[in-house]
Amino acid sequence: MVSSEYERRIAARFATFDQDGNGWIDREDFIAASKAVLNEFGTPARSDKGQSLYGGAEAFWQGMAGIADRDGDQRITRDEFVNGAVKRLRDNPERFAEIARPFLHAALAVADADGDGSATVDETARILKALGVPEHIATATAASLDTNADGKVDEVEVVTAFARYFTVPE
């Protein structure tokens, strides 16, 4: 049986993906997330960075659907997410990181104004805010992602934190 505290934490993570709040995760949620990030940074959808972000979002969606969409309806319900995806991904956080990596890599590239392969803490906070994270949480989270205190967030830091956030223990 899933504990109520675990259920609460996972419900919050589900809401992170359910961009339109309709009660399920689908491809449109990943498209909306991509659009929000591109709009935040003024990056055209048809640019190389824009196309990479949409490609990363599609890969992320396909990976999530493959793990969680148990009935094949191209939607991941809250129940499928809580009782399916998260439990399987918790057992193999590296798998989840690999599913998310193309999207996370592309989002950092969109935010990376100087092209050095990482985003500043402020740029990272902007990504999080574009994805619907409240400003005070986005700012604190972005700062905590900078594990080596160099003022930048790189792919290793963000992928590791992302996997840890979504693969919470029961």
# chains A, B, ... in the order shown; residues from 1 in each chain; ligands from 1

call {"tool": "select_by_dssp", "arguments": {"residues": "chain A", "states": "alpha helix (DSSP H)", "output": "PyMOL selection string"}}
result
chain A and resi 4-17+27-41+48-68+78-80+86-91+93-111+121-130+135-145+155-166

call {"tool": "closest_atom_pairs", "arguments": {"of": "segment 36-112 of chain A", "to": "segment 145-157 of chain A", "cutoff": "10 Å", "atoms": "only C-alpha atoms", "output": "Markdown table"}}
result
| residue | atom | partner | partner_atom | distance |
| --- | --- | --- | --- | --- |
| A:Ala97 | CA | A:Val156 | CA | 9.8 |
| A:Arg101 | CA | A:Glu155 | CA | 8.0 |
| A:Pro102 | CA | A:Glu155 | CA | 9.9 |
| A:Leu104 | CA | A:Glu155 | CA | 7.2 |
| A:His105 | CA | A:Glu155 | CA | 6.0 |
| A:Ala106 | CA | A:Glu155 | CA | 9.5 |
| A:Ala107 | CA | A:Glu155 | CA | 9.8 |
| A:Leu108 | CA | A:Glu155 | CA | 7.4 |
| A:Ala109 | CA | A:Glu155 | CA | 9.5 |
| A:Asp112 | CA | A:Lys152 | CA | 9.7 |

call {"tool": "write_last_selection", "arguments": {"atoms": "C-alpha atoms", "output": "PDB file, in the first residue's frame"}}
result
ATOM      1  CA  ALA A  97      17.624  10.257 -15.970  1.00  0.00           C
ATOM      2  CA  ARG A 101      18.317  13.770 -20.485  1.00  0.00           C
ATOM      3  CA  PRO A 102      17.532  14.902 -24.075  1.00  0.00           C
ATOM      4  CA  LEU A 104      17.037  18.631 -19.959  1.00  0.00           C
ATOM      5  CA  HIS A 105      20.083  18.986 -22.213  1.00  0.00           C
ATOM      6  CA  ALA A 106      18.096  20.962 -24.770  1.00  0.00           C
ATOM      7  CA  ALA A 107      16.461  23.180 -22.123  1.00  0.00           C
ATOM      8  CA  LEU A 108      19.882  24.072 -20.710  1.00  0.00           C
ATOM      9  CA  ALA A 109      21.107  24.822 -24.235  1.00  0.00           C
ATOM     10  CA  ASP A 112      22.796  28.990 -22.146  1.00  0.00           C
TER      11      ASP A 112
END

call {"tool": "closest_residue", "arguments": {"among": "A:Ile127, A:Met64, A:Ala138, A:Ile99", "to": "Ile25 of chain A", "atoms": "only C-alpha atoms"}}
result
A:Met64

call {"tool": "closest_residue", "arguments": {"among": "A:Thr43, A:Thr139, A:Gln62, A:Thr77", "to": "Arg27 of chain A", "atoms": "only C-alpha atoms"}}
result
A:Gln62

call {"tool": "atom_distance", "arguments": {"atom1": "atom CA of Ala15 of chain A", "atom2": "atom CA of Arg46 of chain A"}}
result
28.1 Å

call {"tool": "select_by_dssp", "arguments": {"residues": "chain A", "states": "strand (DSSP E or B)", "output": "mmCIF file with N, CA and C atoms, in the first residue's frame"}}
result
data_model
loop_
_atom_site.group_PDB
_atom_site.id
_atom_site.type_symbol
_atom_site.label_atom_id
_atom_site.label_comp_id
_atom_site.auth_asym_id
_atom_site.auth_seq_id
_atom_site.Cartn_x
_atom_site.Cartn_y
_atom_site.Cartn_z
ATOM 1 N N TRP A 24 -4.216 14.404 -16.580
ATOM 2 C CA TRP A 24 -3.373 13.373 -17.151
ATOM 3 C C TRP A 24 -2.185 14.026 -17.855
ATOM 4 N N ILE A 25 -1.168 13.233 -18.067
ATOM 5 C CA ILE A 25 0.030 13.682 -18.779
ATOM 6 C C ILE A 25 -0.065 13.115 -20.185
ATOM 7 N N ILE A 76 -1.128 9.439 -19.503
ATOM 8 C CA ILE A 76 -0.689 8.858 -18.245
ATOM 9 C C ILE A 76 -1.550 9.477 -17.155
ATOM 10 N N THR A 77 -2.400 8.661 -16.567
ATOM 11 C CA THR A 77 -3.255 9.149 -15.489
ATOM 12 C C THR A 77 -2.430 9.273 -14.216
ATOM 13 N N ALA A 119 24.095 26.548 -17.891
ATOM 14 C CA ALA A 119 23.259 27.733 -17.678
ATOM 15 C C ALA A 119 23.623 28.349 -16.334
ATOM 16 N N THR A 120 23.499 29.654 -16.244
ATOM 17 C CA THR A 120 23.727 30.283 -14.943
ATOM 18 C C THR A 120 22.596 29.879 -14.009
ATOM 19 N N LYS A 152 27.025 28.114 -12.103
ATOM 20 C CA LYS A 152 26.469 27.499 -13.303
ATOM 21 C C LYS A 152 25.808 26.170 -12.946
ATOM 22 N N VAL A 153 24.888 25.771 -13.781
ATOM 23 C CA VAL A 153 24.238 24.464 -13.650
ATOM 24 C C VAL A 153 24.504 23.724 -14.952
#

call {"tool": "residues_around", "arguments": {"residues": "Tyr54 of chain A", "least_positions_apart": "2", "cutoff": "12 Å", "atoms": "only C-alpha atoms", "output": "PyMOL selection string"}}
result
chain A and resi 27-38+43-52+56-61+102-107+110

call {"tool": "atom_distance", "arguments": {"atom1": "atom CA of Asp71 of chain A", "atom2": "atom CA of Ala12 of chain A"}}
result
22.7 Å

call {"tool": "closest_residue", "arguments": {"among": "A:Glu40, A:Asn83, A:Tyr165, A:Glu94", "to": "Glu123 of chain A", "atoms": "only C-alpha atoms"}}
result
A:Glu40

call {"tool": "closest_residue", "arguments": {"among": "A:Gly117, A:Phe81, A:Ser144, A:Leu53", "to": "Ala65 of chain A", "atoms": "only C-alpha atoms"}}
result
A:Phe81

call {"tool": "atom_distance", "arguments": {"atom1": "atom CA of Thr124 of chain A", "atom2": "atom CA of Ala111 of chain A"}}
result
7.1 Å

call {"tool": "residues_around", "arguments": {"residues": "Gly84 of chain A", "least_positions_apart": "5", "cutoff": "8 Å", "atoms": "only C-alpha atoms", "output": "number ranges by chain"}}
result
A: 67-68, 70, 79

call {"tool": "decode", "arguments": {"residues": "segment 53-69 of chain A", "atoms": "all heavy atoms", "output": "short mmCIF file (atom, residue, chain, number, x, y, z; two decimals), in the first residue's frame"}}
result
data_model
loop_
_atom_site.label_atom_id
_atom_site.label_comp_id
_atom_site.auth_asym_id
_atom_site.auth_seq_id
_atom_site.Cartn_x
_atom_site.Cartn_y
_atom_site.Cartn_z
N LEU A 53 14.88 21.12 -28.54
CA LEU A 53 14.03 21.06 -27.35
C LEU A 53 12.76 20.26 -27.64
O LEU A 53 12.37 19.40 -26.84
CB LEU A 53 13.67 22.47 -26.87
CG LEU A 53 12.89 22.52 -25.55
CD1 LEU A 53 13.71 21.93 -24.40
CD2 LEU A 53 12.49 23.95 -25.24
N TYR A 54 12.13 20.50 -28.78
CA TYR A 54 10.94 19.71 -29.13
C TYR A 54 11.28 18.23 -29.31
O TYR A 54 10.53 17.36 -28.89
CB TYR A 54 10.27 20.26 -30.39
CG TYR A 54 9.41 21.46 -30.14
CD1 TYR A 54 9.72 22.69 -30.70
CD2 TYR A 54 8.27 21.37 -29.33
CE1 TYR A 54 8.92 23.80 -30.45
CE2 TYR A 54 7.48 22.49 -29.08
CZ TYR A 54 7.80 23.69 -29.65
OH TYR A 54 7.01 24.79 -29.41
N GLY A 55 12.43 17.95 -29.91
CA GLY A 55 12.87 16.56 -30.05
C GLY A 55 13.12 15.91 -28.70
O GLY A 55 12.76 14.75 -28.47
N GLY A 56 13.73 16.66 -27.79
CA GLY A 56 13.96 16.15 -26.44
C GLY A 56 12.66 15.91 -25.70
O GLY A 56 12.52 14.92 -24.97
N ALA A 57 11.70 16.80 -25.90
CA ALA A 57 10.39 16.64 -25.26
C ALA A 57 9.69 15.40 -25.81
O ALA A 57 9.08 14.64 -25.04
CB ALA A 57 9.54 17.88 -25.48
N GLU A 58 9.78 15.18 -27.10
CA GLU A 58 9.16 14.00 -27.69
C GLU A 58 9.81 12.72 -27.18
O GLU A 58 9.12 11.75 -26.84
CB GLU A 58 9.23 14.05 -29.22
CG GLU A 58 8.64 12.84 -29.92
CD GLU A 58 7.15 12.61 -29.68
OE1 GLU A 58 6.41 13.56 -29.31
OE2 GLU A 58 6.70 11.45 -29.87
N ALA A 59 11.13 12.72 -27.07
CA ALA A 59 11.83 11.55 -26.54
C ALA A 59 11.43 11.30 -25.09
O ALA A 59 11.21 10.15 -24.68
CB ALA A 59 13.34 11.74 -26.66
N PHE A 60 11.32 12.37 -24.32
CA PHE A 60 10.91 12.25 -22.92
C PHE A 60 9.50 11.69 -22.84
O PHE A 60 9.21 10.77 -22.08
CB PHE A 60 11.02 13.63 -22.27
CG PHE A 60 11.00 13.64 -20.77
CD1 PHE A 60 11.11 14.84 -20.10
CD2 PHE A 60 10.88 12.49 -20.01
CE1 PHE A 60 11.10 14.91 -18.72
CE2 PHE A 60 10.86 12.53 -18.62
CZ PHE A 60 10.97 13.74 -17.98
N TRP A 61 8.59 12.23 -23.65
CA TRP A 61 7.22 11.74 -23.66
C TRP A 61 7.17 10.25 -24.03
O TRP A 61 6.51 9.45 -23.38
CB TRP A 61 6.34 12.55 -24.61
CG TRP A 61 5.09 11.81 -24.99
CD1 TRP A 61 4.74 11.38 -26.22
CD2 TRP A 61 4.03 11.38 -24.12
NE1 TRP A 61 3.55 10.68 -26.17
CE2 TRP A 61 3.10 10.68 -24.89
CE3 TRP A 61 3.81 11.51 -22.76
CZ2 TRP A 61 1.94 10.11 -24.34
CZ3 TRP A 61 2.66 10.94 -22.21
CH2 TRP A 61 1.75 10.26 -23.01
N GLN A 62 7.88 9.88 -25.08
CA GLN A 62 7.87 8.48 -25.52
C GLN A 62 8.40 7.56 -24.42
O GLN A 62 7.85 6.48 -24.19
CB GLN A 62 8.70 8.31 -26.80
CG GLN A 62 8.07 8.93 -28.02
CD GLN A 62 6.78 8.25 -28.42
OE1 GLN A 62 6.61 7.05 -28.26
NE2 GLN A 62 5.85 9.03 -28.96
N GLY A 63 9.46 7.99 -23.75
CA GLY A 63 10.01 7.19 -22.66
C GLY A 63 9.04 7.05 -21.50
O GLY A 63 8.86 5.95 -20.96
N MET A 64 8.41 8.16 -21.13
CA MET A 64 7.42 8.11 -20.05
C MET A 64 6.22 7.26 -20.43
O MET A 64 5.76 6.44 -19.63
CB MET A 64 6.95 9.52 -19.69
CG MET A 64 7.95 10.33 -18.89
SD MET A 64 8.18 9.71 -17.22
CE MET A 64 6.59 10.08 -16.52
N ALA A 65 5.73 7.44 -21.64
CA ALA A 65 4.57 6.66 -22.07
C ALA A 65 4.91 5.17 -22.11
O ALA A 65 4.09 4.33 -21.72
CB ALA A 65 4.10 7.14 -23.45
N GLY A 66 6.11 4.85 -22.55
CA GLY A 66 6.51 3.45 -22.60
C GLY A 66 6.56 2.80 -21.23
O GLY A 66 6.28 1.61 -21.08
N ILE A 67 6.89 3.57 -20.23
CA ILE A 67 6.96 3.05 -18.87
C ILE A 67 5.62 3.08 -18.16
O ILE A 67 5.27 2.17 -17.42
CB ILE A 67 8.00 3.86 -18.05
CG1 ILE A 67 9.39 3.53 -18.54
CG2 ILE A 67 7.88 3.60 -16.57
CD1 ILE A 67 10.46 4.42 -17.97
N ALA A 68 4.84 4.14 -18.39
CA ALA A 68 3.68 4.38 -17.53
C ALA A 68 2.31 4.20 -18.17
O ALA A 68 1.35 3.93 -17.46
CB ALA A 68 3.76 5.81 -16.97
N ASP A 69 2.19 4.36 -19.47
CA ASP A 69 0.87 4.30 -20.10
C ASP A 69 0.42 2.85 -20.25
O ASP A 69 0.53 2.25 -21.31
CB ASP A 69 0.90 5.01 -21.46
CG ASP A 69 -0.46 5.05 -22.13
OD1 ASP A 69 -1.49 4.83 -21.45
OD2 ASP A 69 -0.50 5.31 -23.35
#
